[in-house]
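Peer 1: This one is final-v8.txt, compact mmCIF, C-alpha atoms and all ligand atoms.
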```
# COMPACT_ATOMS: atom_id res chain seq x y z
CA MET A 1 0.00 0.00 0.00
CA SER A 2 1.88 3.06 -1.21
CA PHE A 3 0.95 6.72 -0.97
CA GLN A 4 4.12 7.91 -2.72
CA GLY A 5 3.32 11.15 -4.54
CA LYS A 6 0.05 11.60 -2.66
CA VAL A 7 -0.94 14.43 -0.33
CA ALA A 8 -3.06 13.71 2.73
CA LEU A 9 -4.77 16.22 5.01
CA VAL A 10 -5.85 14.97 8.44
CA THR A 11 -7.96 17.27 10.60
CA GLY A 12 -7.46 17.05 14.36
CA SER A 13 -4.04 15.43 13.89
CA THR A 14 -2.34 17.15 16.82
CA THR A 15 -3.15 14.11 19.00
CA GLY A 16 -5.08 10.85 19.32
CA ILE A 17 -6.60 9.03 16.37
CA GLY A 18 -5.83 11.87 13.95
CA GLU A 19 -2.14 11.85 14.82
CA ALA A 20 -2.07 8.08 14.31
CA CYS A 21 -3.77 8.45 10.91
CA ALA A 22 -1.22 11.06 9.82
CA ARG A 23 1.59 8.79 10.99
CA ALA A 24 0.19 5.77 9.12
CA LEU A 25 -0.23 7.73 5.89
CA ALA A 26 3.23 9.28 6.20
CA GLU A 27 4.80 5.85 6.80
CA ALA A 28 3.27 4.75 3.49
CA GLY A 29 4.85 7.70 1.67
CA ALA A 30 2.20 10.43 1.74
CA ALA A 31 3.07 14.06 2.32
CA VAL A 32 0.83 15.01 5.25
CA MET A 33 -0.76 18.20 6.50
CA ILE A 34 -1.18 18.21 10.27
CA SER A 35 -3.88 20.47 11.65
CA GLY A 36 -5.63 21.48 14.85
CA ARG A 37 -5.88 24.42 17.23
CA HIS A 38 -2.80 23.61 19.33
CA ALA A 39 0.28 24.78 17.45
CA ALA A 40 2.84 23.36 19.90
CA ARG A 41 1.31 19.87 19.70
CA GLY A 42 0.98 20.10 15.92
CA GLU A 43 4.58 21.22 15.45
CA ALA A 44 5.75 18.37 17.70
CA VAL A 45 3.93 15.86 15.47
CA VAL A 46 5.55 17.44 12.40
CA THR A 47 9.01 17.27 13.98
CA SER A 48 8.57 13.62 14.81
CA LEU A 49 7.27 12.76 11.32
CA ARG A 50 10.13 14.61 9.65
CA ALA A 51 12.59 12.74 11.87
CA SER A 52 11.37 9.53 10.27
CA GLY A 53 11.83 10.98 6.78
CA ALA A 54 8.30 12.14 6.03
CA HIS A 55 7.22 15.34 4.36
CA ALA A 56 4.93 17.01 6.90
CA GLU A 57 3.64 20.51 7.53
CA PHE A 58 1.35 22.05 10.15
CA THR A 59 -1.44 24.57 9.68
CA ARG A 60 -3.22 25.89 12.74
CA ALA A 61 -6.99 25.89 12.27
CA ASP A 62 -10.00 26.17 14.52
CA LEU A 63 -12.51 24.58 12.18
CA ARG A 64 -15.43 26.38 13.84
CA GLU A 65 -14.24 29.71 12.43
CA ASP A 66 -15.87 31.12 9.30
CA GLY A 67 -13.94 30.04 6.21
CA ALA A 68 -11.37 27.95 8.15
CA PRO A 69 -12.13 24.69 6.30
CA ASP A 70 -11.76 26.37 2.88
CA ARG A 71 -8.52 28.03 3.98
CA LEU A 72 -7.11 24.74 5.29
CA VAL A 73 -7.77 22.93 2.01
CA ALA A 74 -6.32 25.82 -0.01
CA ASP A 75 -3.28 25.98 2.25
CA THR A 76 -2.67 22.24 1.86
CA VAL A 77 -2.85 22.42 -1.93
CA ARG A 78 -0.52 25.44 -1.99
CA ARG A 79 2.10 24.10 0.44
CA LEU A 80 2.06 20.39 -0.43
CA GLY A 81 1.16 20.61 -4.10
CA GLY A 82 -2.24 18.90 -4.16
CA LEU A 83 -4.82 16.98 -2.16
CA HIS A 84 -5.55 13.29 -2.72
CA VAL A 85 -6.72 12.14 0.72
CA LEU A 86 -8.82 13.95 3.31
CA VAL A 87 -9.33 12.38 6.73
CA ASN A 88 -12.07 14.24 8.59
CA ASN A 89 -11.08 13.32 12.12
CA ALA A 90 -11.48 16.44 14.29
CA GLY A 91 -14.26 15.86 16.79
CA ILE A 92 -15.50 16.85 20.22
CA LEU A 93 -17.86 15.34 22.77
CA TYR A 94 -19.98 16.62 25.66
CA THR A 95 -21.46 14.26 28.22
CA ALA A 96 -25.05 15.32 28.91
CA ASN A 97 -28.59 14.10 28.45
CA GLY A 98 -31.12 16.21 26.52
CA PRO A 99 -32.32 18.59 29.26
CA ASP A 100 -28.77 19.14 30.52
CA THR A 101 -27.33 19.89 27.07
CA THR A 102 -26.91 23.64 26.69
CA ASP A 103 -27.46 25.48 23.42
CA ALA A 104 -23.74 26.24 23.36
CA GLN A 105 -22.79 22.56 23.73
CA TRP A 106 -25.24 21.49 21.02
CA LEU A 107 -24.04 24.16 18.59
CA ASP A 108 -20.36 23.52 19.36
CA THR A 109 -20.77 19.79 18.77
CA PHE A 110 -22.42 20.36 15.42
CA ALA A 111 -19.98 23.14 14.45
CA VAL A 112 -17.00 20.77 14.74
CA ASN A 113 -18.40 17.29 14.13
CA VAL A 114 -20.86 18.11 11.33
CA ASN A 115 -20.52 21.59 9.83
CA ALA A 116 -16.71 21.61 9.63
CA LEU A 117 -16.65 18.06 8.31
CA PHE A 118 -19.09 18.98 5.56
CA TYR A 119 -17.28 22.23 4.67
CA MET A 120 -13.95 20.36 4.57
CA SER A 121 -15.46 17.69 2.33
CA ARG A 122 -17.06 20.24 0.03
CA ALA A 123 -13.79 22.10 -0.42
CA ALA A 124 -11.84 18.87 -0.93
CA VAL A 125 -14.29 17.50 -3.51
CA THR A 126 -14.22 20.79 -5.40
CA HIS A 127 -10.47 20.37 -5.77
CA MET A 128 -10.40 16.58 -6.30
CA ARG A 129 -13.04 16.46 -9.04
CA THR A 130 -10.83 18.60 -11.31
CA HIS A 131 -7.53 16.99 -10.25
CA GLY A 132 -7.95 13.27 -10.87
CA GLY A 133 -10.15 12.27 -7.92
CA GLY A 134 -9.31 11.27 -4.38
CA ALA A 135 -10.53 9.64 -1.21
CA ILE A 136 -12.27 11.02 1.87
CA VAL A 137 -12.44 9.07 5.12
CA ASN A 138 -14.76 10.41 7.80
CA ILE A 139 -14.28 9.44 11.43
CA ALA A 140 -17.79 8.80 12.70
CA SER A 141 -18.37 6.58 15.76
CA GLU A 142 -20.19 3.44 16.86
CA TRP A 143 -22.31 6.00 18.73
CA GLY A 144 -23.41 7.28 15.31
CA LEU A 145 -24.95 3.86 14.65
CA ASN A 146 -26.35 3.14 18.12
CA GLY A 147 -27.64 5.37 20.89
CA GLU A 148 -25.65 6.04 24.05
CA PRO A 149 -27.13 7.50 27.26
CA ASN A 150 -26.02 11.04 28.11
CA HIS A 151 -24.52 11.77 24.70
CA VAL A 152 -27.43 12.98 22.59
CA ALA A 153 -25.57 15.78 20.79
CA TYR A 154 -22.56 13.60 20.01
CA CYS A 155 -24.63 10.64 18.81
CA ALA A 156 -26.78 12.90 16.62
CA SER A 157 -23.68 14.52 15.13
CA LYS A 158 -22.02 11.18 14.34
CA GLY A 159 -25.24 9.86 12.80
CA ALA A 160 -25.09 12.89 10.52
CA VAL A 161 -21.50 12.00 9.60
CA VAL A 162 -22.64 8.55 8.46
CA GLN A 163 -25.33 10.11 6.26
CA ILE A 164 -23.00 12.77 4.82
CA THR A 165 -20.67 9.89 3.93
CA ARG A 166 -23.36 7.97 2.09
CA CYS A 167 -24.75 10.97 0.21
CA MET A 168 -21.38 12.31 -0.88
CA ALA A 169 -20.26 8.82 -1.92
CA LEU A 170 -23.25 8.67 -4.27
CA ASP A 171 -22.82 12.23 -5.55
CA HIS A 172 -19.17 11.66 -6.50
CA ALA A 173 -19.04 7.96 -7.38
CA ARG A 174 -18.52 8.76 -11.05
CA GLU A 175 -15.90 11.41 -10.42
CA GLY A 176 -13.19 9.16 -9.01
CA ILE A 177 -13.85 10.31 -5.47
CA ARG A 178 -14.57 7.68 -2.82
CA VAL A 179 -16.13 8.66 0.51
CA ASN A 180 -16.17 6.23 3.42
CA ALA A 181 -16.59 6.32 7.18
CA VAL A 182 -14.89 4.53 10.02
CA CYS A 183 -16.89 3.99 13.20
CA PRO A 184 -14.48 3.48 16.08
CA GLY A 185 -15.57 1.90 19.33
CA GLU A 186 -13.54 2.46 22.48
CA ILE A 187 -10.12 3.79 21.48
CA HIS A 188 -7.76 4.77 24.25
CA THR A 189 -7.27 8.50 23.75
CA GLN A 190 -7.78 11.64 25.83
CA MET A 191 -11.43 11.67 24.74
CA VAL A 192 -12.11 8.34 26.49
CA ASP A 193 -10.15 9.39 29.58
CA ASP A 194 -12.29 12.56 29.72
CA ILE A 195 -15.54 10.55 29.46
CA LEU A 196 -14.39 8.26 32.26
CA ALA A 197 -13.16 11.17 34.37
CA ALA A 198 -16.64 12.70 34.10
CA LYS A 199 -18.02 9.51 35.67
CA GLY A 200 -15.77 9.98 38.71
CA GLY A 201 -13.90 7.25 40.57
CA ASP A 202 -10.60 5.63 39.72
CA LEU A 203 -9.59 5.99 36.04
CA GLN A 204 -7.77 2.66 35.83
CA ALA A 205 -10.71 0.82 37.40
CA ASN A 206 -13.09 2.57 34.98
CA LEU A 207 -10.87 1.54 32.05
CA ARG A 208 -10.94 -2.09 33.24
CA ASP A 209 -14.76 -1.96 33.55
CA LEU A 210 -15.04 -0.51 30.06
CA ALA A 211 -12.79 -3.20 28.60
CA ALA A 212 -14.78 -5.94 30.35
CA GLY A 213 -17.89 -5.00 28.34
CA ILE A 214 -16.17 -5.22 24.95
CA PRO A 215 -16.20 -8.61 23.15
CA MET A 216 -12.42 -8.43 22.59
CA ARG A 217 -12.02 -7.40 26.26
CA ARG A 218 -9.79 -4.44 25.54
CA LEU A 219 -9.74 -0.92 24.20
CA ALA A 220 -7.93 -0.27 20.91
CA ALA A 221 -4.83 1.80 20.27
CA PRO A 222 -5.28 4.74 17.87
CA ALA A 223 -2.99 2.98 15.37
CA GLU A 224 -5.58 0.21 14.97
CA VAL A 225 -8.10 2.75 13.69
CA ALA A 226 -5.44 4.42 11.56
CA ALA A 227 -4.68 1.14 9.77
CA CYS A 228 -8.32 0.91 8.67
CA VAL A 229 -8.42 4.56 7.64
CA ARG A 230 -5.29 4.07 5.55
CA PHE A 231 -6.83 1.03 3.86
CA LEU A 232 -10.00 2.95 2.95
CA ALA A 233 -7.91 5.85 1.64
CA SER A 234 -5.72 3.54 -0.47
CA ALA A 235 -6.00 2.09 -3.96
CA GLU A 236 -6.55 -1.29 -2.26
CA ALA A 237 -10.08 -0.05 -1.47
CA SER A 238 -10.71 1.05 -5.07
CA TYR A 239 -14.28 -0.38 -5.16
CA VAL A 240 -15.27 0.70 -1.64
CA THR A 241 -17.41 3.82 -1.33
CA GLY A 242 -20.28 4.83 0.93
CA ALA A 243 -19.22 2.20 3.47
CA THR A 244 -19.17 2.47 7.24
CA LEU A 245 -16.49 0.26 8.75
CA THR A 246 -16.83 -0.48 12.45
CA VAL A 247 -13.53 -0.75 14.33
CA ASP A 248 -14.89 -1.64 17.72
CA GLY A 249 -13.64 -5.00 19.00
CA GLY A 250 -17.02 -6.56 18.22
CA ASN A 251 -19.29 -4.08 20.05
CA ASP A 252 -21.63 -3.46 17.13
CA ALA A 253 -22.10 -7.20 16.56
CA THR A 254 -23.88 -7.63 19.90
CA ALA A 255 -27.52 -6.84 20.63
CA GLY A 256 -26.85 -5.96 24.26
CA PRO A 257 -24.21 -6.09 26.98
CA TYR A 258 -21.62 -8.71 26.10
CA PRO A 259 -21.58 -11.53 28.69
N1 LIG B 301 -11.54 7.80 21.23
C1 LIG B 301 -12.60 7.10 20.92
O1 LIG B 301 -12.91 6.09 21.58
C2 LIG B 301 -13.46 7.48 19.76
C3 LIG B 301 -14.53 6.65 19.45
C4 LIG B 301 -15.34 6.95 18.35
C5 LIG B 301 -15.06 8.06 17.59
N2 LIG B 301 -14.02 8.87 17.92
C6 LIG B 301 -13.78 10.03 17.07
O2 LIG B 301 -12.45 10.04 16.63
C7 LIG B 301 -12.01 11.39 16.40
C8 LIG B 301 -10.72 11.63 17.16
O3 LIG B 301 -10.98 11.44 18.53
P1 LIG B 301 -9.83 11.21 19.62
O4 LIG B 301 -10.31 10.17 20.53
O5 LIG B 301 -8.52 11.08 18.96
O6 LIG B 301 -9.97 12.61 20.39
P2 LIG B 301 -8.92 13.67 20.89
O7 LIG B 301 -7.68 13.00 21.36
O8 LIG B 301 -9.69 14.55 21.81
O9 LIG B 301 -8.55 14.46 19.55
C9 LIG B 301 -9.47 15.32 18.94
C10 LIG B 301 -8.77 16.11 17.85
O10 LIG B 301 -9.72 17.03 17.29
C11 LIG B 301 -9.13 18.32 17.20
N3 LIG B 301 -10.13 19.38 17.35
C12 LIG B 301 -11.07 19.51 18.32
N4 LIG B 301 -11.76 20.64 18.15
C13 LIG B 301 -11.26 21.24 17.04
C14 LIG B 301 -11.55 22.43 16.36
N5 LIG B 301 -12.50 23.29 16.78
N6 LIG B 301 -10.82 22.75 15.25
C15 LIG B 301 -9.84 21.92 14.81
N7 LIG B 301 -9.51 20.77 15.42
C16 LIG B 301 -10.22 20.44 16.52
C17 LIG B 301 -8.11 18.34 18.34
O11 LIG B 301 -7.04 19.21 18.01
P3 LIG B 301 -6.71 20.56 18.88
O12 LIG B 301 -6.98 20.24 20.31
O13 LIG B 301 -5.27 20.83 18.54
O14 LIG B 301 -7.64 21.57 18.30
C18 LIG B 301 -7.60 16.91 18.37
O15 LIG B 301 -6.50 16.77 17.51
C19 LIG B 301 -13.17 12.28 16.82
O16 LIG B 301 -13.95 12.62 15.71
C20 LIG B 301 -13.97 11.38 17.75
O17 LIG B 301 -15.32 11.74 17.82
C21 LIG B 301 -13.21 8.61 18.98
```
Mind turning this structure into structure tokens?

Peer 2:
Amino acid sequence: MSFQGKVALVTGSTTGIGEACARALAEAGAAVMISGRHAARGEAVVTSLRASGAHAEFTRADLREDGAPDRLVADTVRRLGGLHVLVNNAGILYTANGPDTTDAQWLDTFAVNVNALFYMSRAAVTHMRTHGGGAIVNIASEWGLNGEPNHVAYCASKGAVVQITRCMALDHAREGIRVNAVCPGEIHTQMVDDILAAKGGDLQANLRDLAAGIPMRRLAAPAEVAACVRFLASAEASYVTGATLTVDGGNDATAGPYP
């Protein structure tokens, strides 16, 4: 699986799953654009990728800002010479049920998880359709396929990501642009630590409890999601579009709590 000569843009690649995706694509030869709000973290990722011989750049972007998605795509094309792969990974989560979800939390969730993802995709497709096609991989969630108590805004936003994926896959199927989604389950990143911290109690004990309910009895490392993202972005997945790939240790295969 080679990405030699390809340019990949990964949103939210200053940490977590996004950083792992950028690393996986760079290891396969892609030039990668790292992006997020935190410049120090982003520059550290770039330094580490360059140390292993990759071509990597960082652009700071808060994707909630007007025009930021368009500017990020344009900046990537200008600095790296094109855009062949977009990984829409940036995402946020608030823990709250309906009545406790504030307007600000609802709007923030949709601004990052849905609006920015769509604006990024629109800008990328506009470039790709006149430059030989490309691949978009959206990071949705198993919580975009199933409900989860106390996460109504997040689940709704990730459900929207699945539908954006399907619709854009259909719209661009004849233009050489594939659009797919990955639905991660429990991946050990800061996001999961934050969810568990909100529950209170001992973090390690909470992690063990969480793992005990997963068929594979463990959380995943970000690299395990990144490997699937890289596959969907690659020529190996040339006939795959509109798909949602669960990467969840078997969670979505069960109808209830796993015994
Ligand atoms: N971890 C899991 O178990 C899990 C499960 C299912 C789905 N997911 C999804 O996977 C994706 C990555 O999650 P993660 O676990 O790696 O979370 P994370 O460690 O919290 O990383 C989130 C990334 O999103 C970026 N981001 C957040 N708000 C942004 C904004 N306004 N503008 C630009 N970038 C922004 C952050 O960069 P800055 O802080 O630098 O802005 C960071 O790089 C998310 O879409 C998440 O919903 C995660």

Peer 1: Got a sec: who's within 9 Å of stretch 15-20 of chain A, counting only C-alpha atoms, leaving out chain neighbours fewer than 5 positions off, as an mmCIF file with C-alpha atoms, in the frame of the given file?

Peer 2:
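Final output, saved to out.cif:
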```
data_model
loop_
_atom_site.group_PDB
_atom_site.id
_atom_site.type_symbol
_atom_site.label_atom_id
_atom_site.label_comp_id
_atom_site.auth_asym_id
_atom_site.auth_seq_id
_atom_site.Cartn_x
_atom_site.Cartn_y
_atom_site.Cartn_z
ATOM 1 C CA VAL A 10 -5.850 14.970 8.440
ATOM 2 C CA LEU A 25 -0.230 7.730 5.890
ATOM 3 C CA ILE A 34 -1.180 18.210 10.270
ATOM 4 C CA GLY A 36 -5.630 21.480 14.850
ATOM 5 C CA ARG A 41 1.310 19.870 19.700
ATOM 6 C CA GLY A 42 0.980 20.100 15.920
ATOM 7 C CA VAL A 45 3.930 15.860 15.470
ATOM 8 C CA VAL A 87 -9.330 12.380 6.730
ATOM 9 C CA ASN A 88 -12.070 14.240 8.590
ATOM 10 C CA ASN A 89 -11.080 13.320 12.120
ATOM 11 C CA ALA A 90 -11.480 16.440 14.290
ATOM 12 C CA ILE A 187 -10.120 3.790 21.480
ATOM 13 C CA HIS A 188 -7.760 4.770 24.250
ATOM 14 C CA THR A 189 -7.270 8.500 23.750
ATOM 15 C CA GLN A 190 -7.780 11.640 25.830
ATOM 16 C CA MET A 191 -11.430 11.670 24.740
ATOM 17 C CA ALA A 221 -4.830 1.800 20.270
ATOM 18 C CA PRO A 222 -5.280 4.740 17.870
ATOM 19 C CA ALA A 223 -2.990 2.980 15.370
ATOM 20 C CA GLU A 224 -5.580 0.210 14.970
ATOM 21 C CA VAL A 225 -8.100 2.750 13.690
ATOM 22 C CA ALA A 226 -5.440 4.420 11.560
ATOM 23 C CA ALA A 227 -4.680 1.140 9.770
#
```

Peer 1: Ranking A:Asn206, A:Ser35, A:Asn180, A:Thr126 by minimum distance to A:Ala22 and counting all atoms listed in the file, which one comes first?

Peer 2: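 For A:Ala22, the nearest of the candidates is A:Ser35.
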
Peer 1: Hey, what's within 7 Å of stretch 52-57 of chain A if we count all atoms listed in the file and toss same-chain stuff fewer than 3 positions away? As an NGL selection string, please?

Peer 2: :A and (26 or 31-34 or 46 or 48-49)

Peer 1: Take the point (-11.8, 26.3, 5.8) as written in the file and pick out every residue within 12 Å of it, counting only C-alpha atoms; give the list as a PyMOL selection string.

Peer 2: chain A and resi 11+35-36+59-76+112+115-124

Peer 1: For ligand LIG 301 (chain B), which of A:Leu83, A:Ile164, A:Val192, A:Val182 is the closest residue, counting all atoms listed in the file?

Peer 2: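 The closest residue to ligand LIG 301 (chain B) is A:Val192.
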
Peer 1: Using all atoms listed in the file, which residue out of A:Leu207, A:Ala212, A:Val85, A:Met128 lies closest to A:Glu175?

Peer 2: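 Ranked by minimum distance to A:Glu175, first place goes to A:Met128.
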
Peer 1: Using only C-alpha atoms, list the residues that have an atom at most 10 Å from (-24.8, 20.3, 25.8), coordinates as in the file, as a PyMOL selection string.

Peer 2: chain A and resi 93-109+150-154

Peer 1: Is it possible to get the axis-aligned box enclosing ligand LIG 301 (chain B) (all listed atoms, 3 Å extra per side) as lines of an AutoDock Vina configuration file, with centre and edge lengths in Å rounded to one decimal?

Peer 2:
```
center_x = -10.3
center_y = 14.7
center_z = 18.3
size_x = 16.1
size_y = 23.2
size_z = 13.0
```

Peer 1: Ranking A:Gly242, A:Gly185, A:Pro149, A:Gly133 by minimum distance to A:Cys167 and counting all atoms listed in the file, which one comes first?

Peer 2: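 The shortest atom-to-atom distance to A:Cys167 comes from A:Gly242.
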
Peer 1: Choose the residue, out of A:Val125, A:Ala8, A:Ile139, A:Val77, that has the smallest atom-to-atom separation from ligand LIG 301 (chain B); count all atoms listed in the file.

Peer 2: A:Ile139

Peer 1: List the neighbours of A:Gly5 out to 10 Å using all atoms listed in the file; skip same-chain residues closer than 5 positions along the sequence, and give me the result as an mmCIF file with C-alpha atoms, in the frame of the given file.

Peer 2:
```cif
data_model
loop_
_atom_site.group_PDB
_atom_site.id
_atom_site.type_symbol
_atom_site.label_atom_id
_atom_site.label_comp_id
_atom_site.auth_asym_id
_atom_site.auth_seq_id
_atom_site.Cartn_x
_atom_site.Cartn_y
_atom_site.Cartn_z
ATOM 1 C CA GLY A 29 4.850 7.700 1.670
ATOM 2 C CA ALA A 30 2.200 10.430 1.740
ATOM 3 C CA ALA A 31 3.070 14.060 2.320
ATOM 4 C CA GLY A 81 1.160 20.610 -4.100
ATOM 5 C CA GLY A 82 -2.240 18.900 -4.160
ATOM 6 C CA HIS A 84 -5.550 13.290 -2.720
#
```

Peer 1: Using only C-alpha atoms, determine which residues lie at most 8 Å from A:Glu142, disregarding the query and same-chain residues fewer than 6 positions distant; provide the list as a PyMOL selection string.

Peer 2: chain A and resi 183-185+246+248+252

Peer 1: For A:Ala255, which residue out of A:Gly176, A:Ser2, A:Pro215, A:Ala181 is the nearest one, using all atoms listed in the file?

Peer 2: A:Pro215

Peer 1: What gap, in Å, lies between atom CA of A:Lys199 and atom O4 of ligand LIG 301 (chain B)?

Peer 2: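 Between atom CA of A:Lys199 and atom O4 of ligand LIG 301 (chain B) the gap is 17.0 Å.
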